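Reviewing the structure listed below.
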Amino acid sequence: MSTKRTHLILSALLVGITLCLGWLSQRYSSALDLTANGRHSLSQSSKSVLAALKDPIEIIAVVGPDAQQRSAITELISRLQSEKPDITLEFINPETNPAAVRELQAENGGSLILKSGGRESRLKSLSERSLSNGLRQLNRDQDQRIAFITGHEERSPTNISNFDWSTVANRLAAIGLVSNEHSLVSDPVLGDDIDLVVIAAPRRPYFPGEIASLNSYLAQGGNLLWLSELDEGPSSGPNLQFLGDYLGVDTLPGKVMDKDSSLVLADSPGFVLLTRFPNHPVNSLLNNPVLLPQASALAVTPLAGQTMLPLLQTTETSWTELGELSGAVSFNENSGEIAGPLLLGVSIERQTPAGTQRIAVIGDADFASSQFVDNGDNQVFTEGLMLWLTGESDSLEFITQSAPDTALTLDNRSIITLSGVYLAGIPLLLLLIGIVVRWRNRKV
């Protein structure tokens with residue numbers, strides 16, 4: 001066989017193999033997600049949500065003609081369709097079909113409408129997290145309700161200010177946790193439709209009737225988040241000593257100081273930066289520090305019938321400071337100050353006739369305020385805590401967390417080494433190569 005004929009046969013085979021591979025790539029696809037938190041793969045929690053939905057799912061995307069936006073929606077929905085083939089996707093362009101938009105009562109700015117089994121859920125943001133939470137809402141009767149007790153200068157979920165919780169309340173609403181204020185004076189009954197009660201650092205005493213309402217709620221197995229910032233004795237402060245006795249938790253006097261945190265936050269005395277966390281489902285997704293401004297420590301007494309686990313804890317370099325946070329502040333053993341490690345947050349679980357009761361007590365309320373919620377993993381911790389307290393532990397996987405492979409963090413030694421290599425090593429190497437080349441050319 002001639003060489004020319006051999007080349008022709010090999011070329012024909014190469015073209016045929018290429019065409020076959022192209023055809024196979026259109027019929028079959030395979031992907032490998034190598035990202036640190038698998039953000040390009042369908043999570044196990046999403047798969048569980050889809051498996052729980054027995055009826056077909058109809059998704060209507062009300063978006064403009066932007067090809068990039070439509071491609072992103074199609075790609076995300078295709079992940080869901082690989083697990084549940086009876087998912088359909090329809091695009092409606094509000095610019096060319098305004099009548100359909102009005103009939104759906106959709107927003108022109110873009111929205112996703114999810115329908116299944118006679119229920120409907122609407123989304124304004126596109127992500128696996130928001131989509132899966134929207135699908136989860138289709139499989140339950142209503143959102144989870146969070147009641148913030150009001151009337152005693154507590155942190156509010158609706159007021160827009162630096163120290164209130166309106167920012168985090170809006171984010172929680174996007175995952176099905178709806179927060180509202182509740183006055184025990186005008187409405188003393190905390191009903192069964194309330195999934196979580198929040199006492200957010202009150203500063204004025206409660207009336208006896210309000211205390212009775214809280215007592216009744218807890219006795220019936222209601223979930224509670226108690227944010228305690230003051231030394232709350234029976235005759236001062238918000239008069240919530242009954243809660244401490246009921247739960248076996250007391251707030252220690254003084255503000256928590258931490259030597260290691262002071263080295264990082266020199267301009268913010270009394271701020272505690274936690275980088276290590278106890279083993280707890282709420283903390284399972286924490287990758288970054290949690291900041292607690294002006295925190296108080298807790299003393300716990302384990303009581304029969306309840307399981308207590310630490311949520312937040314300082315290191316040995318901390319203590320409870322009883323003096324002013326000014327000048328040189330240090331631990332004074334003779335003044336009654338307590339050395340660390342100190343407990344800043346604790347969770348409590350009880351088995352009641354109504355089911356599992358979950359309670360959390362934290363010696364700070366600023367960590368989730370609008371001013372500080374975006375520091376470190378404060379948002380991740382807050383969302384995880386609320387989901388755990390309301391019994392939505394399956395949703396913990398959807399908490400927004402930073403991927404460790406999207407940022408490069410170098411220590412000082414690595415920075416110095418790389419600087420030396422790129423600023424001195426490589427230029428010297430190129431100079432040496434130039435000298436050798438010039439020397440060889442001269443010899444020639």
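We name chains A, B, ... following the order of the structure tokens; residues begin at 1 in each chain, and ligands are numbered from 1 as shown.
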
Looking only at the backbone, which of the residues in segment 197-359 of chain A does DSSP tag as strand (DSSP E or B), as a VMD selection string? chain A and resid 197 to 200 224 to 227 249 to 251 255 to 258 271 to 274 290 to 293 298 to 300 306 to 313 318 to 321 339 343 to 352 355 to 359

Within 9 Å of segment 319-322 of chain A, counting only C-alpha atoms, which residues show up once you throw out same-chain ones fewer than 3 positions away? Write them as a VMD selection string, please. chain A and resid 252 to 259 270 296 to 297 314 316 325 329 to 332 335 to 342

Residues near Thr88 of chain A, cut-off 7 Å, only C-alpha atoms, skip fewer than 5 positions along chain, as a ChimeraX atom specification: /A:57-59

Of the candidates A:Gln137, A:Gln44, A:Thr390, A:Asn159, which one gets nearest to Lys115 of chain A if we count only C-alpha atoms?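 Counting only C-alpha atoms, the residue closest to Lys115 of chain A is A:Gln137.
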
Set out as JSON lines a contact list for segment 365-385 of chain A and segment 177-195 of chain A with a cut-off of 12 Å, giving each residue of segment 365-385 of chain A that qualifies its closest atom pair and distance in Å to one decimal, counting only C-alpha atoms, ordered by chain and rising residue number.
{"residue": "A:Glu383", "atom": "CA", "partner": "A:Leu177", "partner_atom": "CA", "distance": 9.5}
{"residue": "A:Gly384", "atom": "CA", "partner": "A:Leu177", "partner_atom": "CA", "distance": 11.6}
{"residue": "A:Leu385", "atom": "CA", "partner": "A:Leu177", "partner_atom": "CA", "distance": 11.8}

Could you turn the residues from that selection into a file that holds C-alpha atoms, as a short mmCIF file (atom, residue, chain, number, x, y, z; two decimals), in the first residue's frame?
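Okay, this is what ended up in again.cif:
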data_model
loop_
_atom_site.label_atom_id
_atom_site.label_comp_id
_atom_site.auth_asym_id
_atom_site.auth_seq_id
_atom_site.Cartn_x
_atom_site.Cartn_y
_atom_site.Cartn_z
CA GLU A 383 -29.28 31.41 59.06
CA GLY A 384 -28.09 28.04 60.34
CA LEU A 385 -29.26 28.87 63.85
#

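Distance-wise, atom CA of Ile149 of chain A and atom CA of Val380 of chain A end up 23.2 Å apart.
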
Can you list, as a list in words, every protein, DNA or RNA residue that comes within 7 Å of Pro94 of chain A when you count only C-alpha atoms, leaving out same-chain residues fewer than 2 positions away?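 Skipping anything fewer than 2 positions along the chain leaves Val62, Val63, Gly64, Ile92, Thr96, Asn97, Pro98, Val101 and Asn108 of chain A.
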
Might you pull out every residue within 12 Å of Arg358 of chain A, with only C-alpha atoms counted and same-chain residues fewer than 3 positions away left off, and present them as a VMD selection string? chain A and resid 195 to 197 218 221 to 226 247 306 to 309 346 to 352 354 to 355 361 385 to 393

Run DSSP on the backbone and give me the residues of segment 44-202 of chain A it puts in helix (DSSP H, G or I), as a PyMOL selection string. chain A and resi 44-52+67-83+98-104+128-138+166-173

Give me a file of those residues, with N, CA and C atoms, as a compact mmCIF listing (two decimals), in the first residue's frame.
# COMPACT_ATOMS: atom_id res chain seq x y z
N GLN A 44 -27.26 17.11 47.58
CA GLN A 44 -28.09 16.00 48.05
C GLN A 44 -29.41 16.51 48.61
N SER A 45 -29.38 17.70 49.23
CA SER A 45 -30.62 18.26 49.76
C SER A 45 -31.60 18.60 48.64
N SER A 46 -31.08 19.10 47.50
CA SER A 46 -31.95 19.38 46.35
C SER A 46 -32.57 18.09 45.83
N LYS A 47 -31.76 17.04 45.78
CA LYS A 47 -32.27 15.75 45.31
C LYS A 47 -33.38 15.24 46.23
N SER A 48 -33.21 15.46 47.54
CA SER A 48 -34.23 15.02 48.49
C SER A 48 -35.52 15.79 48.30
N VAL A 49 -35.39 17.10 48.05
CA VAL A 49 -36.59 17.93 47.81
C VAL A 49 -37.33 17.44 46.58
N LEU A 50 -36.60 17.18 45.51
CA LEU A 50 -37.23 16.71 44.27
C LEU A 50 -37.89 15.34 44.46
N ALA A 51 -37.24 14.48 45.24
CA ALA A 51 -37.82 13.15 45.47
C ALA A 51 -39.12 13.23 46.25
N ALA A 52 -39.25 14.26 47.10
CA ALA A 52 -40.47 14.40 47.91
C ALA A 52 -41.64 14.95 47.11
N ALA A 67 -29.96 36.49 26.19
CA ALA A 67 -29.56 35.09 25.94
C ALA A 67 -28.75 34.53 27.10
N GLN A 68 -27.90 35.35 27.70
CA GLN A 68 -27.06 34.88 28.80
C GLN A 68 -27.91 34.52 30.02
N GLN A 69 -28.92 35.35 30.31
CA GLN A 69 -29.79 35.08 31.45
C GLN A 69 -30.61 33.81 31.21
N ARG A 70 -31.13 33.66 30.00
CA ARG A 70 -31.93 32.48 29.69
C ARG A 70 -31.07 31.21 29.71
N SER A 71 -29.85 31.33 29.26
CA SER A 71 -28.95 30.17 29.28
C SER A 71 -28.65 29.74 30.71
N ALA A 72 -28.46 30.70 31.61
CA ALA A 72 -28.20 30.37 33.02
C ALA A 72 -29.39 29.66 33.64
N ILE A 73 -30.61 30.13 33.32
CA ILE A 73 -31.82 29.49 33.85
C ILE A 73 -31.95 28.08 33.29
N THR A 74 -31.74 27.93 31.99
CA THR A 74 -31.86 26.61 31.37
C THR A 74 -30.85 25.63 31.95
N GLU A 75 -29.61 26.09 32.17
CA GLU A 75 -28.58 25.22 32.71
C GLU A 75 -28.93 24.75 34.11
N LEU A 76 -29.46 25.66 34.95
CA LEU A 76 -29.82 25.29 36.32
C LEU A 76 -31.00 24.34 36.34
N ILE A 77 -32.02 24.62 35.52
CA ILE A 77 -33.20 23.75 35.48
C ILE A 77 -32.83 22.37 34.95
N SER A 78 -31.86 22.31 34.03
CA SER A 78 -31.46 21.02 33.47
C SER A 78 -30.89 20.10 34.55
N ARG A 79 -30.24 20.68 35.56
CA ARG A 79 -29.74 19.87 36.67
C ARG A 79 -30.91 19.21 37.40
N LEU A 80 -31.98 19.99 37.60
CA LEU A 80 -33.15 19.44 38.27
C LEU A 80 -33.83 18.39 37.41
N GLN A 81 -33.90 18.65 36.10
CA GLN A 81 -34.56 17.71 35.19
C GLN A 81 -33.81 16.38 35.12
N SER A 82 -32.51 16.39 35.37
CA SER A 82 -31.76 15.13 35.37
C SER A 82 -32.20 14.23 36.52
N GLU A 83 -32.73 14.82 37.60
CA GLU A 83 -33.24 14.05 38.73
C GLU A 83 -34.74 13.81 38.64
N PRO A 98 -46.94 40.99 26.99
CA PRO A 98 -47.35 41.62 28.26
C PRO A 98 -48.67 41.08 28.78
N ALA A 99 -49.55 40.58 27.88
CA ALA A 99 -50.84 40.05 28.34
C ALA A 99 -50.63 38.83 29.23
N ALA A 100 -49.71 37.95 28.86
CA ALA A 100 -49.43 36.77 29.67
C ALA A 100 -48.83 37.16 31.02
N VAL A 101 -48.01 38.20 31.02
CA VAL A 101 -47.41 38.67 32.28
C VAL A 101 -48.49 39.21 33.21
N ARG A 102 -49.45 39.95 32.65
CA ARG A 102 -50.54 40.47 33.49
C ARG A 102 -51.40 39.33 34.01
N GLU A 103 -51.64 38.34 33.19
CA GLU A 103 -52.47 37.21 33.63
C GLU A 103 -51.80 36.44 34.76
N LEU A 104 -50.49 36.32 34.69
CA LEU A 104 -49.75 35.63 35.74
C LEU A 104 -49.50 36.53 36.94
N GLU A 128 -29.40 27.69 42.91
CA GLU A 128 -29.93 26.39 43.32
C GLU A 128 -30.59 26.50 44.69
N ARG A 129 -29.99 27.34 45.52
CA ARG A 129 -30.52 27.50 46.87
C ARG A 129 -31.94 28.06 46.85
N SER A 130 -32.13 29.19 46.15
CA SER A 130 -33.46 29.80 46.11
C SER A 130 -34.46 28.90 45.40
N LEU A 131 -34.00 28.22 44.34
CA LEU A 131 -34.90 27.35 43.59
C LEU A 131 -35.34 26.15 44.43
N SER A 132 -34.41 25.54 45.14
CA SER A 132 -34.76 24.38 45.97
C SER A 132 -35.64 24.77 47.15
N ASN A 133 -35.38 25.95 47.71
CA ASN A 133 -36.25 26.40 48.79
C ASN A 133 -37.65 26.72 48.28
N GLY A 134 -37.73 27.24 47.04
CA GLY A 134 -39.04 27.46 46.45
C GLY A 134 -39.78 26.15 46.23
N LEU A 135 -39.05 25.13 45.78
CA LEU A 135 -39.66 23.81 45.61
C LEU A 135 -40.07 23.21 46.94
N ARG A 136 -39.27 23.46 47.98
CA ARG A 136 -39.62 22.94 49.31
C ARG A 136 -40.92 23.58 49.79
N GLN A 137 -41.11 24.86 49.47
CA GLN A 137 -42.36 25.52 49.87
C GLN A 137 -43.57 24.91 49.18
N LEU A 138 -43.38 24.36 47.97
CA LEU A 138 -44.49 23.71 47.28
C LEU A 138 -44.93 22.43 48.00
N SER A 166 -33.42 43.88 60.58
CA SER A 166 -34.22 43.93 59.35
C SER A 166 -33.49 43.30 58.17
N THR A 167 -32.17 43.48 58.06
CA THR A 167 -31.42 42.92 56.94
C THR A 167 -31.48 41.41 56.95
N VAL A 168 -31.19 40.81 58.10
CA VAL A 168 -31.20 39.35 58.17
C VAL A 168 -32.62 38.81 58.07
N ALA A 169 -33.62 39.57 58.55
CA ALA A 169 -35.02 39.13 58.45
C ALA A 169 -35.44 39.03 56.99
N ASN A 170 -35.01 39.99 56.17
CA ASN A 170 -35.34 39.95 54.74
C ASN A 170 -34.68 38.75 54.06
N ARG A 171 -33.47 38.43 54.46
CA ARG A 171 -32.78 37.28 53.86
C ARG A 171 -33.42 35.97 54.31
N LEU A 172 -33.86 35.91 55.56
CA LEU A 172 -34.53 34.71 56.05
C LEU A 172 -35.86 34.49 55.34
N ALA A 173 -36.55 35.59 55.01
CA ALA A 173 -37.83 35.46 54.31
C ALA A 173 -37.65 34.79 52.96

Using only C-alpha atoms, which of A:Ala200, A:Leu8, A:Leu303, A:Cys20 sits nearest Glu154 of chain A?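 Of A:Ala200, A:Leu8, A:Leu303, A:Cys20, the one nearest Glu154 of chain A is A:Ala200, counting only C-alpha atoms.
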
Env of Asp260 of chain A: 12 Å cut, atoms = only C-alpha atoms, seq-sep filter 4 positions within chain, self excluded. Answer as number ranges by chain. A: 264-266, 269-275, 314-319

Between atom CA of Ile211 of chain A and atom CA of Arg145 of chain A, what distance in Å does the model show, to one decimal?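 Between these atoms lies a distance of 20.8 Å.
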